[in-house]
Structure formats: C-alpha cells, structure tokens
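The next block holds one structure in the form of structure tokens; read it before the comments.
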Amino acid sequence: MKKFSLNKLNINRVIGRKKLSLREREAMYGRLFILPWLIGLVVFFIVPFIDSVYYTFQKLSFGDNGLEFTYIGLENYIYAFTKDPDYIKNLTSSITNMLYEVPIVMVFSIFVAYLLKDEFKGRTYARTIFFFPVIIASGVVITVLKENVLGSGSNMVGSATTIFRAENLRAVMINAGIPRWFSMYVVDVVNKIFDLTWRSGVQILLILAALHNIPKSFYEVAIIEGATEWEKFWKITFPMISPTVYVAIIYSIIDYFTDYGNQVMRMVVTQANNGRFEYSSTLAIVYFVVVMIIILIVNRIIGKRVVYLS
Amino acid sequence: MSIIRKNILRILKKLFLYTFIVCMSYILLYPVLFLISNAFRAKEDLFDPSVIWIPKHITLANFKYANLLLSYPTAIKNTLIMLIPSVIIQTFICMMVGYGFARFRFPEREILFGILLFTIIVPIQTIIVPLYVKFRYFDFLYLGRLIGLITGKPLTVNLLDTPWPFYILNLFGMGIRSSLYIFVFRQFFRNMPTELEEAAKIDGCGPFSTFIRIMVPNATGAIITVMLFTIVWHWNDYYVSTMFNNENLPVSVMLTILNTRMSMLQAAQGFSSDDIYLLGSTVLEAGCLMVILPLIIMYIIGQRYFTESIERTGIVG
C-alpha cells in the first residue's frame, strides 16, 4: 500500500514537473497568442451582441428613469417581415445585386493587379491612381462626392451623370440582336463602373501583394517546361494567389453588405437615428443572419479550393 | 512564333495597357479634380455657364471658411491623438492573433475562426448602444464590478470623450475592422514556409521570440499594407467617433457637421443667409479637400515604400 501511494505521488510529481506534451504545448501557445482577441470577443462583442438581441424582443421608450423596456415578444420581427413595406424588397435586391457585383469586382481586381504587377513606364503613377479609392472611398468624403459630383444639386450634374451612363449603348445592343437581358446586364455594369472601380481598391492591393509573393523560380521552371502565358496563369499564378483571392471575395461580400450606400444598411442606420433602436437591431440581426448564411455557402464552395503552400 | 508577330503583339499589349490606364485615371481622378475645381471657385463663377473646369475667379476664401468651420487645427490634433496609438496597437495585436490562428493547432481553433469571420460581418451599428453604455460606465473588464461586491459601489469610469474607447477596443482586437486585419495576417502567415520556425526552434527560440524576431521582421509587407488601411479607416471613421465623442471631434466628424455650422459664418463674416446658401457647396468641397489632403500627402510620400513593400512581401523570390 505504502509503495503504491508513493508511486502515485511520484507520478504526480513527475507530471507536475514535466512539461506538457508537444501538442498540448502548441495548443497552449496558440491560445496565448489569440488571448487578447478572445477577451475582446467576449467583453466587446458577444455581451453587447446578446444585449442587442435582447433589445429586439423589447419596446424601448424614454421614461422618467432613463430607458424603459417592455417585453413585446416577436413583434419587431413580425413587423419587419410582414408590415414593413421596404425591408424584404431591399433585402432581396441587396442579395441579387451582390451576386453579380462581387464577381465583377473580383475579375476586375485580378485583372488590374495583373496589369500593375509587371514593370512598365508609368507603373508608379498607375499604382498611385488605383489605390486612390482606398484613401477616399471609406469616408464621409465619398458620400459628399457622390451627392455633389454624381447626384443632383450643382450645375455640373448634367455633364457628370451622362459621362458614366450608357443609355445609348442599350439601344445599340438591342438593335444588334443581343438578348435583352444580356444587354440590360451589360448596361447596368457600365452604369456602375464608377462604383465598382471605386470599390475594388482594397482587393487590387491585396491581390497585387499576393502576386509579388509568388517565387520567381516557379515561372522559370514553367518556362523551361514550355508553358504558355495562359497555362502559367491558371497553373501557377491563380493557385498561388487563391488564399488572397479568397480573402478578397469574403471582403468584397462584406464590404458590399456593410456599405453605407446599401439600402438595408441605410434602413438600419435611419431607424437607429430615429430612436427606434429595438427595430434597428431587429433589422440588423436578421440581415446579418442572412449575410452569414451567404458567407458560409461561399466558404463551402471556395474554401476547399484554396491552395496553401505549406 | 515569328519575331514580327511577337513584336506586334507586344506593341498591342502596351497600347491596350496605356489606353486602359488613361481611361481609369479619368474615372478615378474625375471626382478629385471636380473637388479641386469647385473648391477654388468664387461665388461669381457658380452661375457662369462658361466656367467648366478652370474657375475665372480663383479664390482661397472657401478654404478660409472651411478652416473656420472645421476648427481644422484642433480637429487634426484630435484625430492624431486617437489615430497614432490606435494604429500601432491594432497592427501589432492583429498580427499576433493572426499568427496564433495561422500556426498553432488547438481543438477550438476552427470554431473560433468561424466566429472571427462572423465578427467581420456584424457591423458596429448592431452593438453600438451596448458599447456606448460599456464605455460610459467602464468597469475595467468587470473588475470594477468585482470591487463593487466588496465596497458596495462598483468602480466605473466615464471614458466617453476620450480616445480610450479606441485604444481599448484595438488592444483587444475589436477595433475598426480588426477582424479583417487578423484575417489578412492569418492568410499571410499561413503562406510562409514552416522551415523558418523550425530553424528558430532548433536555435532555441520560444514561440514568442520566434514571433518577434523571425515572423515580424519578415512580415514588413503585410504590416505596411495593414497599417495603411488602419490609418485610412481610423482617419475616415465618423460613425464610431460620433458615438463616443461629444467634444474633441476628429476631422471626419467635423466634416459631417460642416453644413450645420454654416451659420457661424453669418456671425463671424457678416454674410447674409443668401450668401451662406450660395457658399454651401463650395465651402463643403474645400472642406472635403482639406480632410483628404493629409491622407493624400501621406500616401504620395509613403507610396514608394508601400509599393516596394508589396514587392517584398515574400521572403523567397
């Protein structure tokens, strides 16, 4: 008996002194690295988020003792889905617009990044220009610009809006026998060129960085093997940048859905500004459940096709 | 392929490239040129149909008024106080967390990463009111409440109207678009050869010194890219700043209220309300220019390092 317990003690002491297994140690260090984020997640995200969800089942009013809550069950949700004239309409149009705008933004970004990668005269200038939107497009300034330059209100409007419109193009295309839906699509895209180019700055930047990350030796090998430009792009470049393209796609989707110009986002902000915070939360939460589902689907489709070097 | 055909192809490629760049320059520079053209315009030119791009009466008055309405020097100072520490903290923390997600295996990693993605898409609007309350009665991550259990009165501090909400959010990886930067760094580190770490391990480096001494210096490209984004987004942010500040407003918030402050001109310059109405758009445009000017200057100075860094993001090749 004595021997046994001693032995047990010994083992415990050995475990206590001995370091954790390699895998456990790795896990511990990993957790240490993400610890600040984990704390932040709980304190500044999950708890406030639960509070927000709690608000959606309440009616908020300003009483004598500050905010007053009355429990009203699912009424906010029912109102959003059945009574609100704009919500479902804006939600569906947001989703359909995203489905075709994001691919365009992505193709455009990859195309521009590919152009800007190689050495040519004026490359520095071109890069400066293409990253311009990154600087301006996220702030108040773009709102002012859109209203003053592309919207109504000043004497420049006439000339400004026709520059970026393609009404004539539609007529030409329909006359040329191109299917109506396709010409509508093209015209729509052309009309949005301003928006789309202004929205692809970040993506161009990310992809350009990824392009420069590809070891040159890969191309040297490919050239020796006699690969064409086309093959080089699809067999080397594209797989190598795929992790970044994946980031950029997720970013584009999120950027599209959280843009202040987005109709649903505008509803959310307007409702909050009008003091109907509970309804604003309801709209936002439904919206982001929908967006989350879309991202999970995209993640399913693309995530597995991403190639990692290591 | 014959040499002639090759040359023709090359010339066509160049031609296409330059046409494309010229067209794009037009689209991308148009709004800025428009701002510049309007900001220098005197009010006589507003109704002159012969003035299209170059104003006949060039004036700096719009800038003078915008300077007054924006309280420009103070607003810039407020912006910088908020911005500089935020950018440094945010970049470092996001890099650390991104590295943790990229290079360590632990059972709950995938689910946490899923949650990270979720935090990118939930906009700050959804949680801003609870956050506002949190910083109005800041309890040091519940420590204040714990003290309250003993003393009977929870220890809370009002952090509104200080830059602390920004610093704290950034320190815990919850700053403006932090999740996105974590995502970027994670992708970046995942793509780095593991041999580097193995070598460092053999040389006796622990995970943290490997991170600081091997990974951080090799991530210069990603760091500069993320830093540029953090600077720009902190500079341009107005939603969060409006929520957390009533005074000490940063420059982007000042721009949003510029219109409502127009009446200040009435008192200071003795304008009639008609004048004010006329000046409205040109002063706003001058204000816009003044707000983005520091960013543009920063970008023009830094862009060489920035584009070079893009080329050096890789450690191989």
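Chain identifiers are assigned as A, B, and so on, following the order in which chains appear in the structure tokens; residues are numbered from 1 within each chain, and ligands are numbered from 1 in order of appearance.
The protein and nucleic acid residues lying at most 10 Å from Phe182 in chain A are Arg170, Met173, Ile174, Val187 and Asp188 of chain A, with only C-alpha atoms considered and sequence neighbours fewer than 5 positions away removed.
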Near chain B, 7 Å: chain A residue rows, closest pairs, only C-alpha atoms, as JSON lines:
{"residue": "A:Glu26", "atom": "CA", "partner": "B:Phe104", "partner_atom": "CA", "distance": 6.0}
{"residue": "A:Ala27", "atom": "CA", "partner": "B:Phe106", "partner_atom": "CA", "distance": 4.5}
{"residue": "A:Gly30", "atom": "CA", "partner": "B:Gly100", "partner_atom": "CA", "distance": 4.9}
{"residue": "A:Phe33", "atom": "CA", "partner": "B:Gly100", "partner_atom": "CA", "distance": 4.9}
{"residue": "A:Ile34", "atom": "CA", "partner": "B:Val97", "partner_atom": "CA", "distance": 4.5}
{"residue": "A:Pro36", "atom": "CA", "partner": "B:Phe172", "partner_atom": "CA", "distance": 4.8}
{"residue": "A:Trp37", "atom": "CA", "partner": "B:Gly173", "partner_atom": "CA", "distance": 4.7}
{"residue": "A:Ile39", "atom": "CA", "partner": "B:Phe172", "partner_atom": "CA", "distance": 6.5}
{"residue": "A:Gly40", "atom": "CA", "partner": "B:Phe172", "partner_atom": "CA", "distance": 4.5}
{"residue": "A:Val43", "atom": "CA", "partner": "B:Leu141", "partner_atom": "CA", "distance": 6.9}
{"residue": "A:Phe44", "atom": "CA", "partner": "B:Leu131", "partner_atom": "CA", "distance": 6.9}
{"residue": "A:Pro48", "atom": "CA", "partner": "B:Pro130", "partner_atom": "CA", "distance": 5.1}
{"residue": "A:Phe49", "atom": "CA", "partner": "B:Ile127", "partner_atom": "CA", "distance": 5.6}
{"residue": "A:Asp51", "atom": "CA", "partner": "B:Pro130", "partner_atom": "CA", "distance": 6.5}
{"residue": "A:Ser52", "atom": "CA", "partner": "B:Ile127", "partner_atom": "CA", "distance": 6.1}
{"residue": "A:Ala126", "atom": "CA", "partner": "B:Ile21", "partner_atom": "CA", "distance": 6.7}
{"residue": "A:Ile129", "atom": "CA", "partner": "B:Ser25", "partner_atom": "CA", "distance": 6.5}
{"residue": "A:Ile135", "atom": "CA", "partner": "B:Val232", "partner_atom": "CA", "distance": 5.9}
{"residue": "A:Ile136", "atom": "CA", "partner": "B:Ile292", "partner_atom": "CA", "distance": 7.0}
{"residue": "A:Ser138", "atom": "CA", "partner": "B:Asn236", "partner_atom": "CA", "distance": 6.3}
{"residue": "A:Gly139", "atom": "CA", "partner": "B:Asn236", "partner_atom": "CA", "distance": 4.4}
{"residue": "A:Val140", "atom": "CA", "partner": "B:Ser252", "partner_atom": "CA", "distance": 6.7}
{"residue": "A:Val141", "atom": "CA", "partner": "B:Cys288", "partner_atom": "CA", "distance": 5.8}
{"residue": "A:Leu145", "atom": "CA", "partner": "B:Pro31", "partner_atom": "CA", "distance": 6.6}
{"residue": "A:Val149", "atom": "CA", "partner": "B:Pro31", "partner_atom": "CA", "distance": 6.5}
{"residue": "A:Phe194", "atom": "CA", "partner": "B:Ile27", "partner_atom": "CA", "distance": 6.5}
{"residue": "A:Ala209", "atom": "CA", "partner": "B:Ile310", "partner_atom": "CA", "distance": 4.7}
{"residue": "A:His212", "atom": "CA", "partner": "B:Glu311", "partner_atom": "CA", "distance": 5.0}
{"residue": "A:Asn213", "atom": "CA", "partner": "B:Gly314", "partner_atom": "CA", "distance": 4.4}
{"residue": "A:Pro215", "atom": "CA", "partner": "B:Gly317", "partner_atom": "CA", "distance": 4.3}
{"residue": "A:Lys216", "atom": "CA", "partner": "B:Gly317", "partner_atom": "CA", "distance": 5.2}
{"residue": "A:Ser217", "atom": "CA", "partner": "B:Gly317", "partner_atom": "CA", "distance": 6.9}
{"residue": "A:Pro243", "atom": "CA", "partner": "B:Gln187", "partner_atom": "CA", "distance": 6.6}
{"residue": "A:Ile254", "atom": "CA", "partner": "B:Ile121", "partner_atom": "CA", "distance": 5.7}
{"residue": "A:Thr258", "atom": "CA", "partner": "B:Pro123", "partner_atom": "CA", "distance": 6.6}
{"residue": "A:Ser281", "atom": "CA", "partner": "B:Thr126", "partner_atom": "CA", "distance": 5.7}
{"residue": "A:Ala284", "atom": "CA", "partner": "B:Thr126", "partner_atom": "CA", "distance": 6.1}
{"residue": "A:Phe288", "atom": "CA", "partner": "B:Val122", "partner_atom": "CA", "distance": 6.3}
{"residue": "A:Met292", "atom": "CA", "partner": "B:Phe118", "partner_atom": "CA", "distance": 6.8}
{"residue": "A:Tyr308", "atom": "CA", "partner": "B:Asn191", "partner_atom": "CA", "distance": 6.3}
{"residue": "A:Leu309", "atom": "CA", "partner": "B:Asn191", "partner_atom": "CA", "distance": 5.8}
{"residue": "A:Ser310", "atom": "CA", "partner": "B:Pro193", "partner_atom": "CA", "distance": 6.3}
Extract, using only C-alpha atoms, all DNA, RNA and protein residues at most 8 Å from range 285-287 of chain A, discarding same-chain residues fewer than 5 positions from it, and format them as a ChimeraX atom specification. /A:53,91,264 /B:126
For range 98-112 of chain A, list every protein, DNA or RNA residue within 7 Å, evaluated using only C-alpha atoms, and leave out those in the same chain fewer than 2 positions away; present the list as a ChimeraX atom specification. /A:94-96,114-116,196,200,203-204,207,249,252-253,256
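Take CA of Pro85 in chain A and CA of Asn191 in chain A: the distance between them is 27.2 Å.
The smallest atom-to-atom distance between Lys89 in chain A and any of A:Val190, A:Met267, A:Ile294, A:Val307, using only C-alpha atoms, is found for A:Met267.
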Excluding Glu68 in chain A and any residue of its chain fewer than 5 positions from it, enumerate the residues within 10 Å of it, using only C-alpha atoms, and give them as a compact mmCIF listing (two decimals) with N, CA and C atoms, in the first residue's frame.
# COMPACT_ATOMS: atom_id res chain seq x y z
N GLN A 58 -37.96 43.68 -27.17
CA GLN A 58 -38.48 44.71 -26.27
C GLN A 58 -39.00 45.90 -27.06
N LYS A 59 -39.74 46.70 -26.34
CA LYS A 59 -40.03 48.02 -26.88
C LYS A 59 -39.32 49.02 -25.99
N LEU A 60 -38.50 49.85 -26.61
CA LEU A 60 -37.74 50.82 -25.81
C LEU A 60 -38.48 52.14 -25.78
N SER A 61 -38.52 52.74 -24.61
CA SER A 61 -39.07 54.10 -24.57
C SER A 61 -38.29 54.90 -23.53
N PHE A 62 -38.31 56.18 -23.72
CA PHE A 62 -37.60 57.04 -22.79
C PHE A 62 -38.55 57.50 -21.71
N GLY A 63 -38.39 56.94 -20.55
CA GLY A 63 -39.27 57.30 -19.44
C GLY A 63 -38.58 58.23 -18.46
From a DSSP calculation on the backbone, collect every residue of range 66-172 of chain B in alpha helix (DSSP H) and output the set as a PyMOL selection string. chain B and resi 66-70+72-103+109-121+124-136+143-151+164-171
From the options B:Thr242, B:Thr162, B:Thr210, B:Thr230, which residue's atoms come nearest to Met82 in chain B, counting only C-alpha atoms?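 Looking only at the distances to Met82 in chain B, the closest residue turns out to be B:Thr162.
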Nearby residues (only C-alpha atoms) at most 12 Å from Pro73 in chain B, same-chain spacing under 5 positions excluded, as a ChimeraX atom specification: /B:66-68,78-80,248-251,254,290-291
Store the residues of this selection in a file with N, CA and C atoms, as a PDB file, in the first residue's frame.
ATOM      1  N   ALA B  66     -13.763  77.110 -44.626  1.00  0.00           N
ATOM      2  CA  ALA B  66     -13.769  75.698 -44.209  1.00  0.00           C
ATOM      3  C   ALA B  66     -12.877  75.504 -42.988  1.00  0.00           C
ATOM      4  N   ASN B  67     -11.745  76.184 -43.000  1.00  0.00           N
ATOM      5  CA  ASN B  67     -10.813  76.116 -41.874  1.00  0.00           C
ATOM      6  C   ASN B  67     -11.506  76.540 -40.580  1.00  0.00           C
ATOM      7  N   LEU B  68     -12.285  77.606 -40.703  1.00  0.00           N
ATOM      8  CA  LEU B  68     -13.007  78.120 -39.540  1.00  0.00           C
ATOM      9  C   LEU B  68     -14.085  77.131 -39.081  1.00  0.00           C
ATOM     10  N   ASN B  78      -7.034  66.326 -32.615  1.00  0.00           N
ATOM     11  CA  ASN B  78      -7.884  65.273 -32.031  1.00  0.00           C
ATOM     12  C   ASN B  78      -7.760  63.970 -32.804  1.00  0.00           C
ATOM     13  N   THR B  79      -7.751  64.104 -34.139  1.00  0.00           N
ATOM     14  CA  THR B  79      -7.663  62.903 -34.965  1.00  0.00           C
ATOM     15  C   THR B  79      -6.368  62.162 -34.687  1.00  0.00           C
ATOM     16  N   LEU B  80      -5.257  62.911 -34.624  1.00  0.00           N
ATOM     17  CA  LEU B  80      -3.954  62.274 -34.452  1.00  0.00           C
ATOM     18  C   LEU B  80      -3.819  61.610 -33.085  1.00  0.00           C
ATOM     19  N   ASN B 248     -14.089  67.261 -28.590  1.00  0.00           N
ATOM     20  CA  ASN B 248     -12.853  66.693 -29.132  1.00  0.00           C
ATOM     21  C   ASN B 248     -13.115  65.931 -30.436  1.00  0.00           C
ATOM     22  N   LEU B 249     -13.915  66.522 -31.318  1.00  0.00           N
ATOM     23  CA  LEU B 249     -14.309  65.776 -32.505  1.00  0.00           C
ATOM     24  C   LEU B 249     -13.174  65.677 -33.510  1.00  0.00           C
ATOM     25  N   PRO B 250     -12.981  64.496 -34.114  1.00  0.00           N
ATOM     26  CA  PRO B 250     -11.977  64.363 -35.166  1.00  0.00           C
ATOM     27  C   PRO B 250     -12.461  65.009 -36.460  1.00  0.00           C
ATOM     28  N   VAL B 251     -11.539  65.119 -37.376  1.00  0.00           N
ATOM     29  CA  VAL B 251     -11.779  65.931 -38.567  1.00  0.00           C
ATOM     30  C   VAL B 251     -12.910  65.375 -39.438  1.00  0.00           C
ATOM     31  N   MET B 254     -16.159  66.458 -38.011  1.00  0.00           N
ATOM     32  CA  MET B 254     -16.351  67.894 -38.250  1.00  0.00           C
ATOM     33  C   MET B 254     -16.900  68.125 -39.652  1.00  0.00           C
ATOM     34  N   MET B 290      -9.603  69.515 -47.736  1.00  0.00           N
ATOM     35  CA  MET B 290      -8.735  69.670 -46.562  1.00  0.00           C
ATOM     36  C   MET B 290      -8.704  68.405 -45.724  1.00  0.00           C
ATOM     37  N   VAL B 291      -9.820  67.673 -45.713  1.00  0.00           N
ATOM     38  CA  VAL B 291      -9.859  66.450 -44.916  1.00  0.00           C
ATOM     39  C   VAL B 291      -9.036  65.339 -45.562  1.00  0.00           C
TER      40      VAL B 291
END
Within 8 Å of Met227 in chain B, counting only C-alpha atoms, which residues qualify if same-chain residues fewer than 3 places away don't, as a list in words?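 Counting only the stated atoms, we get Val87, Ile88, Thr91, Ile223, Ile224, Thr230 and Ile231 of chain B.
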Residues just named, written with C-alpha atoms as a compact mmCIF listing (two decimals), in the first residue's frame:
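Saved result, again_19.txt, follows:
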# COMPACT_ATOMS: atom_id res chain seq x y z
CA VAL B 87 -2.82 52.20 -35.44
CA ILE B 88 0.23 50.86 -33.63
CA THR B 91 -1.48 46.39 -36.17
CA ILE B 223 2.44 45.23 -41.85
CA ILE B 224 2.75 48.24 -44.12
CA THR B 230 -5.73 51.19 -40.41
CA ILE B 231 -4.60 54.78 -40.82
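With distances restricted to only C-alpha atoms, A:Leu283 is the closest residue to Ile78 in chain A from A:Ile224, A:Leu283, A:Ala248, A:Leu205.
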Have a look at CA of Val245 in chain A and CA of Phe132 in chain A and let me know their distance in Å, one decimal.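 Computing the Euclidean distance for CA of Val245 in chain A and CA of Phe132 in chain A yields 20.6 Å.
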Interatomic distance between CA of Ile46 in chain A and CA of Phe135 in chain B?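 Calculated distance between CA of Ile46 in chain A and CA of Phe135 in chain B is 15.5 Å.
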